[in-house]
file query.txt (compact mmCIF, C-alpha atoms and all ligand atoms)
# COMPACT_ATOMS: atom_id res chain seq x y z
CA MET A 19 1.69 -8.54 110.89
CA THR A 20 4.22 -7.22 113.34
CA HIS A 21 6.25 -5.77 110.48
CA PRO A 22 4.75 -3.58 107.81
CA VAL A 23 4.18 -5.56 104.63
CA THR A 24 5.37 -4.02 101.42
CA GLY A 25 2.47 -2.98 99.27
CA THR A 26 2.57 -3.74 95.62
CA GLY A 27 1.99 -1.48 92.61
CA VAL A 28 -0.95 -2.04 90.27
CA GLU A 29 -0.97 -1.18 86.56
CA VAL A 30 -4.26 -1.30 84.70
CA SER A 31 -3.93 -0.61 81.01
CA GLY A 32 -6.74 -0.24 78.48
CA VAL A 33 -9.07 -2.63 80.29
CA ALA A 34 -12.46 -3.18 78.65
CA ARG A 35 -15.36 -5.39 79.74
CA ARG A 36 -18.73 -5.85 78.13
CA PHE A 37 -21.51 -8.02 79.54
CA GLY A 38 -24.05 -7.82 76.74
CA PRO A 39 -25.20 -5.80 73.78
CA GLY A 40 -25.55 -2.54 75.78
CA ALA A 41 -22.91 -0.04 76.80
CA ALA A 42 -19.58 -1.47 77.98
CA ALA A 43 -19.18 -1.83 81.75
CA LEU A 44 -15.54 -0.80 81.30
CA ASP A 45 -14.50 1.11 78.24
CA GLY A 46 -10.71 1.41 78.15
CA VAL A 47 -9.65 1.98 81.75
CA SER A 48 -6.03 2.74 82.62
CA LEU A 49 -4.90 3.30 86.18
CA SER A 50 -1.53 3.26 87.86
CA VAL A 51 -1.51 2.68 91.61
CA LYS A 52 1.74 3.12 93.51
CA PRO A 53 2.99 0.63 96.12
CA GLY A 54 1.45 1.46 99.51
CA GLU A 55 -1.03 3.91 98.03
CA PHE A 56 -4.68 4.14 99.13
CA VAL A 57 -6.88 4.69 96.09
CA ALA A 58 -10.65 5.11 96.01
CA LEU A 59 -12.80 4.28 92.98
CA LEU A 60 -15.68 6.73 93.17
CA GLY A 61 -18.58 7.13 90.80
CA PRO A 62 -22.30 6.86 90.31
CA SER A 63 -24.10 3.54 90.33
CA GLY A 64 -23.25 1.46 87.26
CA SER A 65 -20.09 3.39 86.39
CA GLY A 66 -17.97 0.21 86.53
CA LYS A 67 -16.29 0.41 89.95
CA THR A 68 -17.13 -3.11 91.08
CA THR A 69 -16.37 -4.59 87.68
CA LEU A 70 -12.89 -3.06 87.78
CA LEU A 71 -12.30 -4.33 91.31
CA ARG A 72 -13.47 -7.84 90.39
CA ILE A 73 -11.11 -7.91 87.42
CA LEU A 74 -8.21 -6.82 89.65
CA GLY A 75 -9.11 -9.58 92.08
CA GLY A 76 -9.39 -12.29 89.45
CA LEU A 77 -13.12 -12.77 90.03
CA ASP A 78 -13.85 -11.60 86.49
CA HIS A 79 -11.77 -11.19 83.33
CA ALA A 80 -11.10 -8.28 81.01
CA ASP A 81 -12.14 -8.57 77.34
CA ALA A 82 -9.20 -6.36 76.41
CA GLY A 83 -6.28 -4.67 78.13
CA THR A 84 -3.90 -5.84 80.83
CA VAL A 85 -3.62 -5.87 84.60
CA ALA A 86 -0.24 -6.13 86.28
CA ILE A 87 0.12 -6.55 90.03
CA GLY A 88 3.59 -6.11 91.44
CA GLY A 89 4.93 -5.98 87.89
CA ARG A 90 3.43 -9.35 86.93
CA ASP A 91 0.73 -9.65 84.26
CA VAL A 92 -2.02 -11.51 86.10
CA ALA A 93 -4.06 -12.65 83.09
CA GLY A 94 -4.93 -16.27 83.80
CA VAL A 95 -3.66 -16.15 87.40
CA PRO A 96 -6.47 -17.47 89.64
CA ALA A 97 -7.80 -15.21 92.40
CA ARG A 98 -6.28 -17.24 95.23
CA GLU A 99 -2.82 -16.97 93.72
CA ARG A 100 -2.83 -13.20 93.40
CA GLY A 101 -1.96 -12.45 97.03
CA ILE A 102 -5.00 -10.23 97.44
CA GLY A 103 -7.22 -9.60 100.47
CA PHE A 104 -10.90 -8.88 99.80
CA VAL A 105 -13.57 -7.25 101.90
CA PHE A 106 -17.10 -6.82 100.62
CA GLN A 107 -20.11 -4.93 101.89
CA ASN A 108 -22.06 -7.96 103.05
CA TYR A 109 -19.36 -9.13 105.47
CA ALA A 110 -19.33 -12.59 103.88
CA LEU A 111 -18.06 -14.20 107.06
CA PHE A 112 -18.57 -17.92 107.46
CA ARG A 113 -21.60 -18.03 109.74
CA HIS A 114 -20.89 -21.50 111.11
CA MET A 115 -17.35 -20.55 112.15
CA ASP A 116 -16.37 -18.45 115.13
CA VAL A 117 -14.29 -15.31 114.77
CA PHE A 118 -11.02 -17.13 115.34
CA SER A 119 -11.75 -19.72 112.64
CA ASN A 120 -12.95 -17.07 110.22
CA VAL A 121 -9.66 -15.20 110.52
CA ALA A 122 -7.58 -18.38 110.46
CA PHE A 123 -9.38 -19.78 107.42
CA GLY A 124 -7.09 -18.45 104.70
CA LEU A 125 -4.05 -19.87 106.47
CA ARG A 126 -5.56 -23.25 107.37
CA VAL A 127 -6.62 -24.01 103.80
CA ARG A 128 -3.16 -23.41 102.39
CA LYS A 129 -1.76 -26.46 100.68
CA ALA A 130 1.79 -25.21 100.45
CA GLY A 131 3.39 -23.10 103.13
CA ARG A 132 0.71 -23.63 105.77
CA PRO A 133 2.08 -22.32 109.05
CA PRO A 134 2.01 -24.63 112.12
CA ALA A 135 -1.12 -24.37 114.30
CA GLU A 136 0.61 -22.37 117.06
CA GLU A 137 1.84 -19.85 114.54
CA ILE A 138 -1.63 -19.51 112.99
CA ALA A 139 -3.07 -18.94 116.47
CA ALA A 140 -0.50 -16.29 117.26
CA ARG A 141 -1.09 -14.56 113.99
CA VAL A 142 -4.89 -14.58 114.41
CA ARG A 143 -4.56 -13.07 117.89
CA ARG A 144 -2.23 -10.37 116.64
CA LEU A 145 -4.70 -9.53 113.91
CA LEU A 146 -7.67 -9.42 116.29
CA ALA A 147 -5.68 -7.04 118.47
CA LEU A 148 -4.80 -4.99 115.40
CA VAL A 149 -8.45 -4.63 114.40
CA GLN A 150 -9.25 -3.96 118.05
CA ILE A 151 -11.55 -6.87 118.84
CA PRO A 152 -9.29 -9.11 120.92
CA GLU A 153 -12.00 -10.42 123.24
CA MET A 154 -14.27 -11.93 120.64
CA GLU A 155 -12.47 -14.88 119.12
CA ARG A 156 -15.04 -17.46 120.26
CA ARG A 157 -18.07 -15.52 119.13
CA PHE A 158 -19.98 -16.32 115.97
CA PRO A 159 -20.73 -13.70 113.33
CA ASP A 160 -24.36 -13.29 114.38
CA GLN A 161 -23.20 -12.37 117.89
CA LEU A 162 -21.33 -9.33 116.58
CA SER A 163 -22.35 -5.82 115.59
CA GLY A 164 -22.03 -4.76 111.97
CA GLY A 165 -18.89 -2.78 112.71
CA GLN A 166 -17.33 -5.72 114.57
CA ARG A 167 -18.14 -8.04 111.68
CA GLN A 168 -16.40 -5.67 109.27
CA ARG A 169 -13.34 -5.66 111.51
CA VAL A 170 -13.32 -9.47 111.46
CA ALA A 171 -13.67 -9.39 107.68
CA LEU A 172 -10.64 -7.08 107.51
CA ALA A 173 -8.64 -9.28 109.87
CA ARG A 174 -9.52 -12.27 107.72
CA ALA A 175 -8.44 -10.44 104.58
CA LEU A 176 -5.15 -9.41 106.20
CA ALA A 177 -4.39 -12.87 107.60
CA ILE A 178 -2.88 -14.12 104.37
CA GLU A 179 -0.52 -11.10 104.38
CA PRO A 180 -1.72 -9.84 101.04
CA SER A 181 0.22 -7.20 99.19
CA LEU A 182 -3.01 -5.69 97.87
CA LEU A 183 -6.29 -5.08 99.69
CA LEU A 184 -9.49 -4.69 97.65
CA LEU A 185 -12.50 -3.25 99.46
CA ASP A 186 -15.95 -3.04 97.88
CA GLU A 187 -18.21 -0.69 99.85
CA PRO A 188 -16.95 -2.33 103.04
CA PHE A 189 -18.90 0.00 105.29
CA GLY A 190 -21.98 0.37 103.11
CA ALA A 191 -24.33 -1.40 105.49
CA LEU A 192 -23.30 0.52 108.59
CA ASP A 193 -24.79 3.64 110.08
CA ALA A 194 -23.13 6.98 109.41
CA GLN A 195 -21.30 7.34 112.71
CA VAL A 196 -19.82 3.81 112.70
CA ARG A 197 -18.90 4.23 109.05
CA LYS A 198 -16.94 7.36 109.75
CA GLU A 199 -15.16 5.82 112.72
CA LEU A 200 -14.27 2.66 110.83
CA ARG A 201 -12.95 4.43 107.76
CA LEU A 202 -10.61 6.61 109.81
CA TRP A 203 -9.46 3.58 111.69
CA LEU A 204 -8.96 1.71 108.40
CA ARG A 205 -6.80 4.52 107.06
CA GLY A 206 -4.62 4.41 110.18
CA LEU A 207 -4.34 0.63 109.93
CA GLN A 208 -3.49 0.83 106.24
CA GLU A 209 -0.67 3.25 106.97
CA GLU A 210 0.57 1.02 109.76
CA VAL A 211 0.80 -2.12 107.62
CA GLY A 212 1.72 -0.31 104.37
CA ILE A 213 -0.59 -2.34 102.20
CA THR A 214 -1.70 -1.03 98.80
CA THR A 215 -5.46 -0.52 99.09
CA ILE A 216 -8.19 0.05 96.53
CA LEU A 217 -11.61 1.00 97.89
CA VAL A 218 -14.83 1.12 95.89
CA THR A 219 -17.36 3.60 97.18
CA HIS A 220 -20.11 5.87 95.96
CA ASP A 221 -19.73 8.06 99.06
CA GLN A 222 -17.60 11.05 98.15
CA ASP A 223 -16.88 12.03 101.75
CA GLU A 224 -15.53 8.55 102.35
CA ALA A 225 -13.35 8.67 99.23
CA MET A 226 -12.05 12.18 99.87
CA GLU A 227 -11.32 11.49 103.52
CA VAL A 228 -9.35 8.27 103.27
CA ALA A 229 -7.75 8.11 99.84
CA ASP A 230 -4.40 9.46 98.67
CA ARG A 231 -5.90 9.63 95.20
CA VAL A 232 -9.42 9.17 93.90
CA ALA A 233 -10.36 7.77 90.49
CA VAL A 234 -13.69 9.32 89.53
CA MET A 235 -15.50 6.90 87.22
CA ARG A 236 -18.23 7.63 84.77
CA ALA A 237 -19.86 5.21 82.32
CA GLY A 238 -16.99 2.72 82.29
CA ARG A 239 -14.21 5.29 82.06
CA ILE A 240 -12.03 7.18 84.46
CA ALA A 241 -13.05 10.82 84.25
CA GLN A 242 -10.16 11.98 86.46
CA PHE A 243 -7.60 10.36 88.76
CA ASP A 244 -6.11 12.80 91.20
CA THR A 245 -5.71 13.86 94.81
CA PRO A 246 -8.87 15.00 96.61
CA GLU A 247 -7.60 18.60 96.65
CA ALA A 248 -6.87 18.62 92.92
CA LEU A 249 -10.27 17.10 92.12
CA LEU A 250 -12.01 19.91 93.96
CA ASP A 251 -9.71 22.72 92.77
CA ARG A 252 -9.10 21.60 89.23
CA PRO A 253 -11.88 19.28 88.06
CA ALA A 254 -11.10 17.98 84.59
CA ASP A 255 -14.62 18.39 83.25
CA ALA A 256 -18.15 19.45 84.09
CA PHE A 257 -19.06 15.94 85.27
CA VAL A 258 -16.31 15.87 87.91
CA ALA A 259 -17.06 19.46 88.95
CA GLY A 260 -20.73 18.62 89.41
CA PHE A 261 -20.21 15.21 91.01
CA LEU A 262 -17.78 16.31 93.72
CA GLY A 263 -18.58 18.81 96.41
CA GLU A 264 -21.46 21.24 96.25
CA ALA A 265 -21.63 23.88 93.58
CA ASN A 266 -24.08 26.40 92.19
CA ARG A 267 -24.38 25.92 88.44
CA VAL A 268 -24.97 28.97 86.33
CA THR A 269 -24.81 29.32 82.56
CA CYS A 270 -22.83 32.23 81.22
CA THR A 271 -21.13 33.69 78.19
CA VAL A 272 -17.45 34.54 78.30
CA ARG A 273 -16.28 37.62 76.41
CA GLY A 274 -12.74 38.91 76.71
CA GLY A 275 -12.01 37.22 80.04
CA VAL A 276 -15.29 38.20 81.70
CA ALA A 277 -18.16 35.80 82.43
CA HIS A 278 -21.57 37.36 81.89
CA PHE A 279 -24.19 35.28 83.67
CA ALA A 280 -27.43 34.44 81.88
CA GLY A 281 -30.22 36.80 82.98
CA GLU A 282 -27.60 38.78 84.92
CA VAL A 283 -28.36 36.60 87.94
CA LEU A 284 -24.90 37.50 89.27
CA PRO A 285 -22.56 40.40 88.53
CA PRO A 286 -19.96 39.72 85.81
CA LEU A 287 -16.88 37.84 86.97
CA ALA A 288 -13.32 38.00 85.66
CA VAL A 289 -12.34 34.48 84.54
CA GLN A 290 -9.63 32.70 82.65
CA ALA A 291 -11.63 30.95 79.97
CA PRO A 292 -12.02 31.16 76.19
CA ASP A 293 -14.85 33.20 74.68
CA GLY A 294 -18.16 31.42 74.24
CA ALA A 295 -21.02 29.79 76.10
CA ALA A 296 -20.02 28.06 79.34
CA LEU A 297 -21.37 26.45 82.46
CA ALA A 298 -19.95 27.94 85.68
CA PHE A 299 -19.62 25.91 88.88
CA ILE A 300 -19.48 28.25 91.88
CA ARG A 301 -18.85 26.67 95.26
CA PRO A 302 -20.89 28.10 98.16
CA HIS A 303 -17.77 29.54 99.81
CA GLU A 304 -17.05 31.47 96.63
CA LEU A 305 -20.44 33.17 96.55
CA PHE A 306 -20.68 36.14 98.89
CA ALA A 307 -24.01 37.52 100.09
CA ARG A 308 -24.30 40.99 101.61
CA GLU A 309 -27.31 42.96 102.75
CA ALA A 310 -28.88 45.02 99.97
CA PRO A 311 -32.45 46.27 100.51
CA ASP A 312 -33.16 46.70 96.79
CA SER A 313 -31.95 43.27 95.71
CA GLY A 314 -34.25 40.65 94.27
CA TYR A 315 -32.60 38.00 96.45
CA VAL A 316 -33.89 37.01 99.89
CA VAL A 317 -32.12 34.92 102.51
CA ARG A 318 -34.28 31.82 103.01
CA ALA A 319 -32.15 29.89 105.46
CA VAL A 320 -29.16 30.48 107.71
CA ARG A 321 -27.29 27.59 109.26
CA PRO A 322 -23.98 27.13 111.03
CA ALA A 323 -21.44 25.26 108.90
CA GLY A 324 -18.16 24.46 110.60
CA PRO A 325 -16.53 27.68 111.72
CA GLY A 326 -18.73 29.76 109.40
CA THR A 327 -22.31 30.13 108.24
CA ARG A 328 -24.12 28.91 105.16
CA LEU A 329 -26.98 30.76 103.53
CA VAL A 330 -29.65 29.69 101.11
CA VAL A 331 -30.58 32.71 99.04
CA SER A 332 -33.31 32.74 96.45
CA GLY A 333 -34.63 35.11 93.82
CA PRO A 334 -36.40 34.97 90.49
CA ALA A 335 -33.46 33.11 88.98
CA GLY A 336 -33.59 30.31 91.54
CA SER A 337 -31.79 29.33 94.73
CA PHE A 338 -28.11 29.65 95.56
CA ASP A 339 -25.95 28.34 98.36
CA ALA A 340 -23.74 31.15 99.59
CA VAL A 341 -21.80 32.47 102.56
CA PRO A 342 -21.95 35.89 104.22
CA ALA A 343 -19.45 38.36 102.72
CA PRO A 344 -16.63 38.50 105.28
CA ASP A 345 -16.46 42.33 105.25
CA ALA A 346 -20.15 42.95 105.96
CA PRO A 347 -22.74 42.18 108.64
CA GLN A 348 -24.19 38.70 108.36
CA PRO A 349 -27.50 38.78 106.47
CA ARG A 350 -30.42 37.36 108.46
CA ARG A 351 -33.24 35.15 107.30
CA GLY A 352 -35.85 37.13 105.37
CA GLU A 353 -33.44 39.95 104.56
CA ARG A 354 -32.72 41.02 101.02
CA CYS A 355 -29.17 40.60 99.87
CA ALA A 356 -26.94 40.89 96.84
CA LEU A 357 -24.81 38.02 95.55
CA GLU A 358 -21.35 38.23 94.11
CA ALA A 359 -19.20 35.35 92.87
CA GLN A 360 -15.54 35.44 93.87
CA GLY A 361 -14.48 32.60 91.64
CA ALA A 362 -15.78 29.78 89.49
CA ARG A 363 -14.71 26.84 87.37
CA LEU A 364 -15.98 27.13 83.82
CA PHE A 365 -16.54 24.45 81.23
CA PRO A 366 -17.67 24.99 77.65
CA ALA A 367 -21.44 24.51 77.44
N1 LIG B 1 -22.49 -9.92 85.73
C1 LIG B 1 -23.04 -8.93 85.02
N2 LIG B 1 -23.89 -9.17 84.02
C2 LIG B 1 -24.43 -8.17 83.28
N3 LIG B 1 -24.19 -6.87 83.48
C3 LIG B 1 -23.34 -6.56 84.48
C4 LIG B 1 -22.73 -7.56 85.31
N4 LIG B 1 -21.95 -6.94 86.21
C5 LIG B 1 -22.06 -5.61 85.98
N5 LIG B 1 -22.89 -5.38 84.94
C6 LIG B 1 -23.23 -4.06 84.38
O1 LIG B 1 -22.02 -3.35 84.20
C7 LIG B 1 -22.17 -1.98 84.55
C8 LIG B 1 -21.17 -1.62 85.63
O2 LIG B 1 -21.52 -2.29 86.84
P1 LIG B 1 -20.68 -2.16 88.18
O3 LIG B 1 -21.30 -3.09 89.17
O4 LIG B 1 -19.26 -2.33 87.87
O5 LIG B 1 -20.95 -0.65 88.58
P2 LIG B 1 -20.67 0.09 89.96
O6 LIG B 1 -20.06 1.39 89.58
O7 LIG B 1 -19.92 -0.80 90.87
O8 LIG B 1 -22.15 0.32 90.49
P3 LIG B 1 -22.75 0.32 92.00
O9 LIG B 1 -22.22 1.56 92.66
O10 LIG B 1 -24.22 0.38 91.75
O11 LIG B 1 -22.28 -0.95 92.63
C9 LIG B 1 -23.61 -1.82 84.98
O12 LIG B 1 -24.33 -1.32 83.89
C10 LIG B 1 -24.03 -3.22 85.32
O13 LIG B 1 -25.41 -3.40 85.14
call {"tool": "encode", "arguments": {"input": "query.txt", "output": "structure tokens"}}
result
Amino acid sequence: MTHPVTGTGVEVSGVARRFGPGAAALDGVSLSVKPGEFVALLGPSGSGKTTLLRILGGLDHADAGTVAIGGRDVAGVPARERGIGFVFQNYALFRHMDVFSNVAFGLRVRKAGRPPAEEIAARVRRLLALVQIPEMERRFPDQLSGGQRQRVALARALAIEPSLLLLDEPFGALDAQVRKELRLWLRGLQEEVGITTILVTHDQDEAMEVADRVAVMRAGRIAQFDTPEALLDRPADAFVAGFLGEANRVTCTVRGGVAHFAGEVLPPLAVQAPDGAALAFIRPHELFAREAPDSGYVVRAVRPAGPGTRLVVSGPAGSFDAVPAPDAPQPRRGERCALEAQGARLFPA
């Protein structure tokens, strides 16, 4: 692990998987991951993320479609011959083995090409230094914290010098602070070793923070595969717009490039959308609130949010998340205010 390994590309084409008479777990999934890329599979529970990861890893098979890793069709290639490192949520360390033996395991069990013992030892120590737990090689898994166990699991996965790393909710069991620390550290490590990485998560912050591109999954399909910025700025459909980030949802009718909101809950907004009924997603930072004594809206909550302030404003039409208009005094809690949308993403209703 002293030299960066070369990550491998992954091509998933038309993969389908059905477990029973109900809806398919995967319903024609295609995905092209570049060598060295960090991709997150993000989606609600049951959308097929784990199934796709298991098929990539050779732990399950596709009913239709193909998977190529490094240009090689891997149908029929057993998991252990795919050159893949796995890390799962439940650590899955061998409890009766110390840290050193856990990390060395994948190398010691090799039939062909097993390195000599001194080389295995050197490699394990380099890996433990890399995952920043060099002092713990004689400890057993139950003598480690959750975060330390995940680091051991990563070291073990990396020991075989895989060209692809598959991670299934690797930080799911950890508390929020440790999770955040570990995922940033993982991203740094991934860049250092250059390994292609696919991470399954249902935590959008995690996906958006670490991944080069995120595949948003819904009901066995990929709804959109794009960079985090593009997913937020140009969601492909109402599902992606609603699933990622926060947004106020308001129904409207578009006529001649102007969105008229149902019940006139907001002033009309110039939009680029075809005529007809639509659902508008308005992010809080696009909804400006300014003091207006005659308005039907009242500021219910004011809280600091990063460098700015977030407001919860409610009226007869419901509650909105908004920000103070930058050119006006900041509305205070209990004050009446008017709302005006600065932008929105519209999808046909
Ligand atoms: N071995 C199995 N037998 C039967 N059904 C299965 C099996 N594995 C997965 N499924 C079903 O396939 C669908 C997709 O499951 P999958 O675990 O891939 O979703 P997921 O997106 O990873 O969900 P989660 O975030 O809850 O882990 C679900 O409806 C699930 O119940």
call {"tool": "closest_atom_pairs", "arguments": {"input": "query.txt", "of": "chain A", "to": "ligand LIG 1 (chain B)", "cutoff": "9 Å", "atoms": "only C-alpha atoms and all ligand atoms", "output": "JSON lines"}}
result
{"residue": "A:Arg35", "atom": "CA", "partner": "B:LIG1", "partner_atom": "O1", "distance": 8.3}
{"residue": "A:Arg36", "atom": "CA", "partner": "B:LIG1", "partner_atom": "O1", "distance": 7.3}
{"residue": "A:Phe37", "atom": "CA", "partner": "B:LIG1", "partner_atom": "C2", "distance": 4.7}
{"residue": "A:Gly38", "atom": "CA", "partner": "B:LIG1", "partner_atom": "C2", "distance": 6.6}
{"residue": "A:Gly40", "atom": "CA", "partner": "B:LIG1", "partner_atom": "O12", "distance": 8.3}
{"residue": "A:Ala41", "atom": "CA", "partner": "B:LIG1", "partner_atom": "O12", "distance": 7.3}
{"residue": "A:Ala42", "atom": "CA", "partner": "B:LIG1", "partner_atom": "O1", "distance": 6.9}
{"residue": "A:Ala43", "atom": "CA", "partner": "B:LIG1", "partner_atom": "O1", "distance": 4.0}
{"residue": "A:Leu44", "atom": "CA", "partner": "B:LIG1", "partner_atom": "C8", "distance": 7.1}
{"residue": "A:Leu59", "atom": "CA", "partner": "B:LIG1", "partner_atom": "O6", "distance": 8.5}
{"residue": "A:Leu60", "atom": "CA", "partner": "B:LIG1", "partner_atom": "O6", "distance": 7.8}
{"residue": "A:Gly61", "atom": "CA", "partner": "B:LIG1", "partner_atom": "O6", "distance": 6.1}
{"residue": "A:Pro62", "atom": "CA", "partner": "B:LIG1", "partner_atom": "O9", "distance": 5.8}
{"residue": "A:Ser63", "atom": "CA", "partner": "B:LIG1", "partner_atom": "O10", "distance": 3.5}
{"residue": "A:Gly64", "atom": "CA", "partner": "B:LIG1", "partner_atom": "O5", "distance": 3.4}
{"residue": "A:Ser65", "atom": "CA", "partner": "B:LIG1", "partner_atom": "O6", "distance": 3.8}
{"residue": "A:Gly66", "atom": "CA", "partner": "B:LIG1", "partner_atom": "O4", "distance": 3.1}
{"residue": "A:Lys67", "atom": "CA", "partner": "B:LIG1", "partner_atom": "O6", "distance": 3.9}
{"residue": "A:Thr68", "atom": "CA", "partner": "B:LIG1", "partner_atom": "O7", "distance": 3.6}
{"residue": "A:Thr69", "atom": "CA", "partner": "B:LIG1", "partner_atom": "O4", "distance": 3.7}
{"residue": "A:Leu70", "atom": "CA", "partner": "B:LIG1", "partner_atom": "O4", "distance": 6.4}
{"residue": "A:Leu71", "atom": "CA", "partner": "B:LIG1", "partner_atom": "O4", "distance": 8.0}
{"residue": "A:Arg72", "atom": "CA", "partner": "B:LIG1", "partner_atom": "O4", "distance": 8.4}
{"residue": "A:Asp78", "atom": "CA", "partner": "B:LIG1", "partner_atom": "N1", "distance": 8.8}
{"residue": "A:Asp186", "atom": "CA", "partner": "B:LIG1", "partner_atom": "O7", "distance": 8.4}
{"residue": "A:Glu187", "atom": "CA", "partner": "B:LIG1", "partner_atom": "O11", "distance": 8.3}
{"residue": "A:Val218", "atom": "CA", "partner": "B:LIG1", "partner_atom": "O7", "distance": 7.4}
{"residue": "A:Thr219", "atom": "CA", "partner": "B:LIG1", "partner_atom": "O9", "distance": 6.9}
{"residue": "A:His220", "atom": "CA", "partner": "B:LIG1", "partner_atom": "O9", "distance": 5.8}
{"residue": "A:Met235", "atom": "CA", "partner": "B:LIG1", "partner_atom": "O6", "distance": 7.5}
{"residue": "A:Arg236", "atom": "CA", "partner": "B:LIG1", "partner_atom": "O6", "distance": 8.1}
{"residue": "A:Ala237", "atom": "CA", "partner": "B:LIG1", "partner_atom": "C8", "distance": 7.7}
{"residue": "A:Gly238", "atom": "CA", "partner": "B:LIG1", "partner_atom": "C8", "distance": 6.9}
call {"tool": "atom_distance", "arguments": {"input": "query.txt", "atom1": "atom CA of Phe104 of chain A", "atom2": "atom CA of Leu204 of chain A"}}
result
13.8 Å
call {"tool": "closest_residue", "arguments": {"input": "query.txt", "among": "A:Lys129, A:Arg350, A:Arg205, A:Arg100", "to": "Val149 of chain A", "atoms": "only C-alpha atoms"}}
result
A:Arg205
call {"tool": "atom_distance", "arguments": {"input": "query.txt", "atom1": "atom CA of Ile300 of chain A", "atom2": "atom CA of Asp251 of chain A"}}
result
11.3 Å
call {"tool": "residues_around", "arguments": {"input": "query.txt", "residues": "Arg113 of chain A", "least_positions_apart": "6", "cutoff": "12 Å", "atoms": "only C-alpha atoms", "output": "ChimeraX atom specification"}}
result
/A:119-120,157-162,167,171
call {"tool": "atom_distance", "arguments": {"input": "query.txt", "atom1": "atom CA of Phe257 of chain A", "atom2": "atom CA of Ala241 of chain A"}}
result
8.0 Å
call {"tool": "residues_near_point", "arguments": {"input": "query.txt", "point": "(-3.4, -14.2, 113.1)", "cutoff": "8 Å", "atoms": "all atoms listed in the file", "output": "ChimeraX atom specification"}}
result
/A:19,121-122,137-146,173,177
call {"tool": "residues_around", "arguments": {"input": "query.txt", "residues": "Val92 of chain A", "least_positions_apart": "3", "cutoff": "12 Å", "atoms": "all atoms listed in the file", "output": "number ranges by chain"}}
result
A: 28-30, 73-80, 83-89, 95-102
call {"tool": "closest_residue", "arguments": {"input": "query.txt", "among": "A:Pro39, A:Gly164, A:Gly274, A:Gly103", "to": "Leu217 of chain A", "atoms": "all atoms listed in the file"}}
result
A:Gly103
call {"tool": "residues_around", "arguments": {"input": "query.txt", "residues": "Glu224 of chain A", "least_positions_apart": "5", "cutoff": "9 Å", "atoms": "all atoms listed in the file", "output": "VMD selection string"}}
result
chain A and resid 58 197 to 198 201 219 229
call {"tool": "closest_residue", "arguments": {"input": "query.txt", "among": "A:Gly263, A:Pro246, A:Gly32, A:Gly333", "to": "Ala82 of chain A", "atoms": "only C-alpha atoms"}}
result
A:Gly32
call {"tool": "closest_residue", "arguments": {"input": "query.txt", "among": "A:Gly281, A:Leu207, A:Gly165, A:Phe299", "to": "Gln195 of chain A", "atoms": "only C-alpha atoms"}}
result
A:Gly165
call {"tool": "closest_residue", "arguments": {"input": "query.txt", "among": "A:Val283, A:Leu192, A:Leu184, A:Leu364", "to": "Thr214 of chain A", "atoms": "all atoms listed in the file"}}
result
A:Leu184
call {"tool": "closest_residue", "arguments": {"input": "query.txt", "among": "A:Arg132, A:Val232, A:Ala362, A:Gln107", "to": "Val268 of chain A", "atoms": "all atoms listed in the file"}}
result
A:Ala362
call {"tool": "axis_aligned_box", "arguments": {"input": "query.txt", "around": "segment 211-215 of chain A", "padding_each_side": "3 Å", "output": "AutoDock Vina command-line options"}}
result
--center_x -1.9 --center_y -1.3 --center_z 103.2 --size_x 13.2 --size_y 8.0 --size_z 14.8
